$ cat upload-v9.txt   # compact mmCIF, C-alpha atoms
# COMPACT_ATOMS: atom_id res chain seq x y z
CA MET H 149 0.00 0.00 0.00
CA ARG H 150 2.84 2.40 0.86
CA LEU H 151 4.52 1.42 -2.40
CA VAL H 152 1.37 2.40 -4.33
CA LEU H 153 1.34 5.81 -2.61
CA ILE H 154 5.03 6.35 -3.36
CA GLY H 155 4.38 5.42 -6.99
CA LEU H 156 1.45 7.83 -7.31
CA VAL H 157 3.40 10.80 -5.89
CA ALA H 158 6.53 9.97 -7.91
CA GLY H 159 4.62 9.46 -11.17
CA PHE H 160 2.82 12.79 -10.90
CA PHE H 161 6.01 14.81 -10.33
CA SER H 162 7.97 12.76 -12.85
CA ALA H 163 5.63 13.62 -15.71
CA LEU H 164 5.03 17.19 -14.52
CA PHE H 165 8.73 18.07 -14.56
CA GLY H 166 10.28 15.53 -16.95
CA VAL H 167 12.49 13.96 -14.29
CA GLY H 168 12.77 10.27 -13.49
CA GLY H 169 11.08 10.35 -10.12
CA GLY H 170 14.03 8.78 -8.32
CA ILE H 171 14.48 11.96 -6.29
CA VAL H 172 10.99 11.22 -4.86
CA ILE H 173 11.10 7.40 -4.76
CA VAL H 174 14.49 6.90 -3.07
CA PRO H 175 13.96 9.09 0.04
CA LEU H 176 10.40 7.75 0.51
CA LEU H 177 11.59 4.12 0.34
CA LEU H 178 14.28 4.95 2.91
CA LEU H 179 11.98 6.90 5.26
CA LEU H 180 8.60 5.12 4.92
CA CYS H 181 9.69 1.55 4.22
CA SER H 182 13.17 1.44 5.85
CA TRP H 183 14.69 -0.18 2.77
CA PRO H 184 18.50 -0.35 2.51
CA ALA H 185 19.93 2.36 0.23
CA GLN H 186 21.19 -0.03 -2.45
CA ALA H 187 17.81 -1.76 -2.82
CA ALA H 188 16.04 1.64 -2.83
CA THR H 189 18.17 3.15 -5.62
CA ALA H 190 18.19 -0.04 -7.70
CA THR H 191 14.43 -0.62 -7.44
CA SER H 192 13.83 3.09 -8.11
CA LEU H 193 15.70 2.80 -11.43
CA ALA H 194 13.49 -0.09 -12.55
CA ALA H 195 10.32 1.81 -11.57
CA ILE H 196 11.58 4.94 -13.38
CA GLY H 197 11.83 3.00 -16.64
CA ILE H 198 8.10 2.13 -16.49
CA THR H 199 7.10 5.66 -15.38
CA ALA H 200 9.06 7.40 -18.13
CA VAL H 201 7.44 5.28 -20.86
CA SER H 202 4.00 6.38 -19.62
CA GLY H 203 5.06 10.04 -19.49
CA VAL H 204 6.59 9.92 -22.98
CA ILE H 205 3.33 8.55 -24.42
CA ALA H 206 1.35 11.40 -22.79
CA TYR H 207 3.71 14.09 -24.14
CA ALA H 208 3.97 12.44 -27.57
CA PHE H 209 0.21 12.98 -28.02
CA HIS H 210 0.90 16.72 -27.72
CA GLY H 211 3.87 16.53 -30.12
CA ASP H 212 6.26 17.48 -27.33
CA VAL H 213 8.82 14.69 -27.78
CA ASP H 214 11.92 15.31 -29.94
CA VAL H 215 13.51 11.90 -30.58
CA ALA H 216 16.76 13.29 -32.04
CA TYR H 217 17.44 15.53 -29.04
CA ALA H 218 16.49 12.71 -26.65
CA ALA H 219 19.08 10.44 -28.28
CA LEU H 220 21.64 13.27 -28.25
CA VAL H 221 21.61 13.56 -24.44
CA GLY H 222 20.16 10.15 -23.48
CA VAL H 223 22.63 7.84 -25.24
CA PRO H 224 25.79 9.49 -23.78
CA ALA H 225 24.13 9.43 -20.34
CA ALA H 226 23.40 5.70 -20.67
CA ALA H 227 27.06 5.19 -21.59
CA SER H 228 28.43 7.08 -18.58
CA VAL H 229 25.95 5.99 -15.89
CA GLY H 230 27.61 2.58 -15.44
CA PHE H 231 31.04 4.17 -15.01
CA ALA H 232 29.65 6.51 -12.35
CA THR H 233 27.89 3.69 -10.48
CA ALA H 234 31.25 1.93 -10.16
CA LEU H 235 32.99 5.19 -9.18
CA GLN H 236 30.37 5.78 -6.47
CA GLN H 237 31.63 2.74 -4.56
CA ARG H 238 35.13 4.23 -4.04
CA LEU H 239 34.63 7.96 -3.80
CA ARG H 240 33.88 10.26 -0.90
CA THR H 241 31.15 12.27 -2.52
CA ARG H 242 30.38 14.87 0.14
CA THR H 243 32.30 17.74 -1.48
CA ILE H 244 30.92 16.88 -4.92
CA GLU H 245 27.42 16.69 -3.46
CA LEU H 246 27.66 20.18 -1.99
CA LEU H 247 29.08 21.54 -5.28
CA PHE H 248 26.28 19.81 -7.19
CA ALA H 249 23.66 21.35 -4.85
CA ALA H 250 25.18 24.80 -5.45
CA PHE H 251 25.20 24.16 -9.21
CA LEU H 252 21.50 23.19 -9.16
CA LEU H 253 20.70 26.40 -7.26
CA GLY H 254 22.48 28.37 -9.98
CA VAL H 255 20.49 26.58 -12.72
CA ALA H 256 17.28 27.30 -10.78
CA VAL H 257 18.06 31.03 -10.66
CA TRP H 258 18.86 31.07 -14.41
CA LEU H 259 15.59 29.28 -15.28
CA PHE H 260 13.61 31.54 -12.98
CA LEU H 261 14.98 34.71 -14.62
CA LYS H 262 14.83 33.37 -18.20
CA MET S 63 29.01 22.96 -31.71
CA THR S 64 25.56 22.79 -30.15
CA TYR S 65 25.51 19.03 -30.68
CA VAL S 66 28.95 18.55 -29.12
CA LEU S 67 27.73 20.50 -26.09
CA ALA S 68 24.58 18.35 -25.90
CA VAL S 69 26.63 15.12 -25.98
CA LEU S 70 28.99 16.45 -23.29
CA LEU S 71 26.06 17.49 -21.08
CA GLY S 72 24.50 14.05 -21.65
CA LEU S 73 27.72 12.38 -20.48
CA ALA S 74 27.80 14.69 -17.45
CA ALA S 75 24.14 13.88 -16.69
CA GLY S 76 24.92 10.15 -16.70
CA VAL S 77 27.88 10.60 -14.34
CA LEU S 78 25.89 12.77 -11.93
CA ALA S 79 22.91 10.40 -12.11
CA GLY S 80 25.12 7.43 -11.24
CA LEU S 81 26.93 9.30 -8.46
CA PHE S 82 23.95 10.88 -6.73
CA GLY S 83 21.09 8.58 -7.69
CA VAL S 84 19.13 11.50 -9.11
CA GLY S 85 17.51 10.91 -12.47
CA GLY S 86 19.37 12.42 -15.40
CA GLY S 87 16.19 14.40 -16.07
CA ILE S 88 17.12 17.02 -13.52
CA LEU S 89 19.96 17.95 -15.92
CA PHE S 90 18.31 16.95 -19.23
CA VAL S 91 15.53 19.53 -18.85
CA PRO S 92 17.82 22.59 -18.35
CA THR S 93 20.17 21.26 -21.07
CA LEU S 94 17.34 20.93 -23.58
CA VAL S 95 16.01 24.39 -22.64
CA ALA S 96 19.52 25.79 -23.16
CA LEU S 97 19.54 24.12 -26.62
CA GLY S 98 16.42 26.08 -27.51
CA LEU S 99 13.56 23.67 -26.84
CA SER S 100 10.38 25.00 -25.22
CA GLN S 101 9.78 24.02 -21.59
CA HIS S 102 7.11 21.48 -22.62
CA ASP S 103 9.22 19.96 -25.42
CA ALA S 104 12.17 19.74 -23.00
CA THR S 105 9.98 17.93 -20.44
CA GLY S 106 8.62 15.32 -22.87
CA THR S 107 12.00 14.83 -24.56
CA SER S 108 13.77 14.45 -21.19
CA LEU S 109 11.39 11.60 -20.25
CA LEU S 110 12.38 9.74 -23.43
CA ALA S 111 16.10 10.43 -22.80
CA ILE S 112 15.80 8.95 -19.29
CA ILE S 113 14.70 5.50 -20.54
CA PRO S 114 18.08 4.22 -21.88
CA ALA S 115 19.95 5.33 -18.73
CA ALA S 116 17.28 3.75 -16.48
CA LEU S 117 17.48 0.47 -18.44
CA VAL S 118 21.30 0.32 -18.28
CA GLY S 119 21.28 1.27 -14.58
CA THR S 120 18.64 -1.38 -13.77
CA TRP S 121 20.56 -4.03 -15.69
CA ARG S 122 23.78 -3.30 -13.79
CA GLN S 123 22.04 -3.16 -10.39
CA ALA S 124 20.17 -6.41 -11.15
CA ARG S 125 23.53 -8.15 -11.57
CA TYR S 126 24.36 -7.13 -7.98
CA GLY S 127 20.98 -8.52 -6.88
CA ASN S 128 19.81 -5.11 -5.62
CA VAL S 129 16.53 -4.81 -7.58
CA ARG S 130 13.30 -5.82 -5.79
CA TRP S 131 11.22 -6.62 -8.86
CA LYS S 132 7.81 -6.87 -7.19
CA GLY S 133 8.28 -3.51 -5.47
CA ALA S 134 9.49 -1.98 -8.74
CA ALA S 135 6.39 -3.27 -10.55
CA VAL S 136 4.00 -1.90 -7.88
CA ILE S 137 5.70 1.53 -7.77
CA GLY S 138 6.16 1.65 -11.54
CA ILE S 139 2.56 0.81 -12.42
CA ALA S 140 1.13 3.29 -9.87
CA ALA S 141 3.58 5.92 -11.13
CA ALA S 142 2.71 5.21 -14.77
CA ALA S 143 -0.95 5.91 -13.97
CA ALA S 144 -0.17 9.10 -12.02
CA ALA S 145 2.17 10.24 -14.81
CA GLN S 146 -0.87 10.78 -17.03
CA GLY S 147 -2.18 13.26 -14.43
CA GLY S 148 1.18 15.01 -14.14
CA ALA S 149 1.46 15.39 -17.91
CA ALA S 150 -2.13 16.73 -18.12
CA VAL S 151 -1.36 19.38 -15.45
CA ALA S 152 1.87 20.33 -17.25
CA GLU S 153 0.05 20.72 -20.57
CA ALA S 154 -2.52 22.98 -18.88
CA LEU S 155 0.25 25.33 -17.63
CA SER S 156 2.03 27.99 -19.69
CA GLY S 157 5.72 27.48 -20.55
CA PRO S 158 6.99 30.23 -18.21
CA THR S 159 4.83 28.95 -15.31
CA LEU S 160 6.07 25.38 -15.80
CA ARG S 161 9.66 26.68 -15.97
CA LYS S 162 9.30 28.59 -12.67
CA LEU S 163 7.76 25.53 -10.97
CA PHE S 164 10.66 23.41 -12.27
CA ALA S 165 13.13 25.99 -10.90
CA ALA S 166 11.44 25.78 -7.47
CA PHE S 167 11.62 21.97 -7.67
CA LEU S 168 15.39 22.24 -8.40
CA VAL S 169 15.85 24.30 -5.21
CA LEU S 170 14.13 21.54 -3.20
CA VAL S 171 16.33 18.88 -4.83
CA ALA S 172 19.46 20.95 -4.10
CA ALA S 173 18.37 21.30 -0.46
CA GLN S 174 17.80 17.55 -0.19
CA ILE S 175 21.25 16.73 -1.64
CA ALA S 176 22.94 19.25 0.69
CA TRP S 177 21.04 17.78 3.67
CA ARG S 178 22.10 14.25 2.69
CA ALA S 179 25.75 15.35 2.35
CA ARG S 180 25.66 16.98 5.81
CA ARG S 181 24.02 13.97 7.42
CA ALA S 182 26.55 11.57 5.86
CA SER S 183 29.41 13.62 7.31
CA VAL S 184 28.18 13.36 10.92
$ encode --input "upload-v9.txt" --output "structure tokens"
Amino acid sequence: MRLVLIGLVAGFFSALFGVGGGIVIVPLLLLLCSWPAQAATATSLAAIGITAVSGVIAYAFHGDVDVAYAALVGVPAAASVGFATALQQRLRTRTIELLFAAFLLGVAVWLFLK
Amino acid sequence: MTYVLAVLLGLAAGVLAGLFGVGGGILFVPTLVALGLSQHDATGTSLLAIIPAALVGTWRQARYGNVRWKGAAVIGIAAAAAAQGGAAVAEALSGPTLRKLFAAFLVLVAAQIAWRARRASV
């Protein structure tokens, strides 16, 4: 039942903003269901695949999906995600995490003013 | 030049997604907007771009035995249904409104990552 609720919240925000939903699914699995982090992130990835297909279909009906651009950013990302997953096991990520948070804030300001 | 930049940002999105467990979409959407797509086109296109990375990531994690398939199916199916609602709301909003909401969402994500980094250091 909790999993259904997590799915409903994640799916709504995923399609609203064009993100995977992992940012919603992972913390909720950790907090509400007390799953271990590895199971939460791994299961989240599998759920994201299903969610994104549904979102793509909805946007495709409005002509809002550009396949060429999706391949342009999506294929390199698929190539590098495995490398990063392996890197994650060995790296202390705290500094990078804080830099990444600052970078996202900067992007948010740019989008807000655009 | 634009395409080279897009490929580089795609590579960066994959690295950051793998490192932080955030979907590449958080970076795909601003990248696609920077490339000139409208906010709505960037949103729909980002969802398609996420699929290959999610599949590769799932495949690798499954080899470690980390994926709970039943849980993934329950979350995924519920999320797929709710995604139709999210897309309908997005289509009802204007581009600038959707962009400002996305910017606010980014601030929340940044706060969550910073909080996680602080907590991990204690």
$ residues_near_point --input "upload-v9.txt" --point "(6.8, 5.1, -19.9)" --cutoff "12 Å" --atoms "only C-alpha atoms" --output "number ranges by chain"
H: 159, 162-163, 166-169, 194-208; S: 106-114, 116-117, 138-146, 149
$ residues_near_point --input "upload-v9.txt" --point "(6.7, 5.2, -4.4)" --cutoff "6 Å" --atoms "all atoms listed in the file" --output "list in words"
Leu151, Leu153, Ile154, Gly155, Ala158 and Ile173 of chain H; Ile137 of chain S
$ write_last_selection --input "upload-v9.txt" --atoms "C-alpha atoms" --output "compact mmCIF listing (two decimals), in the frame of the given file"
# COMPACT_ATOMS: atom_id res chain seq x y z
CA LEU H 151 4.52 1.42 -2.40
CA LEU H 153 1.34 5.81 -2.61
CA ILE H 154 5.03 6.35 -3.36
CA GLY H 155 4.38 5.42 -6.99
CA ALA H 158 6.53 9.97 -7.91
CA ILE H 173 11.10 7.40 -4.76
CA ILE S 137 5.70 1.53 -7.77
$ residues_around --input "upload-v9.txt" --residues "Trp183 (chain H)" --least-positions-apart "3" --cutoff "12 Å" --atoms "all atoms listed in the file" --output "list in words"
Leu151, Ile173, Val174, Pro175, Leu176, Leu177, Leu178, Leu179, Leu180, Gln186, Ala187, Ala188, Thr189, Ala190, Thr191 and Ser192 of chain H; Asn128, Val129, Arg130 and Gly133 of chain S
$ closest_residue --input "upload-v9.txt" --among "H:Val172, H:Leu164, H:Met149, H:Cys181" --to "chain S" --atoms "only C-alpha atoms"
H:Leu164
$ closest_residue --input "upload-v9.txt" --among "S:Gly98, S:Ala134, S:Arg122, S:Leu89" --to "Phe248 (chain H)" --atoms "all atoms listed in the file"
S:Leu89
$ atom_distance --input "upload-v9.txt" --atom1 "CA of Ala225 (chain H)" --atom2 "CA of Ala150 (chain S)"
27.3 Å
$ residues_around --input "upload-v9.txt" --residues "Val95 (chain S)" --least-positions-apart "5" --cutoff "10 Å" --atoms "all atoms listed in the file" --output "list in words"
Leu259 of chain H; Phe90, Ser100, Gln101, His102, Asp103, Ala104, Thr105 and Arg161 of chain S
$ atom_distance --input "upload-v9.txt" --atom1 "CA of Val157 (chain H)" --atom2 "CA of Gly222 (chain H)"
24.3 Å
$ residues_around --input "upload-v9.txt" --residues "Leu78 (chain S)" --least-positions-apart "3" --cutoff "12 Å" --atoms "all atoms listed in the file" --output "ChimeraX atom specification"
/H:225-226,228-233,235-236,241,244-245,247-249,251-252 /S:71-75,81-90,115,175
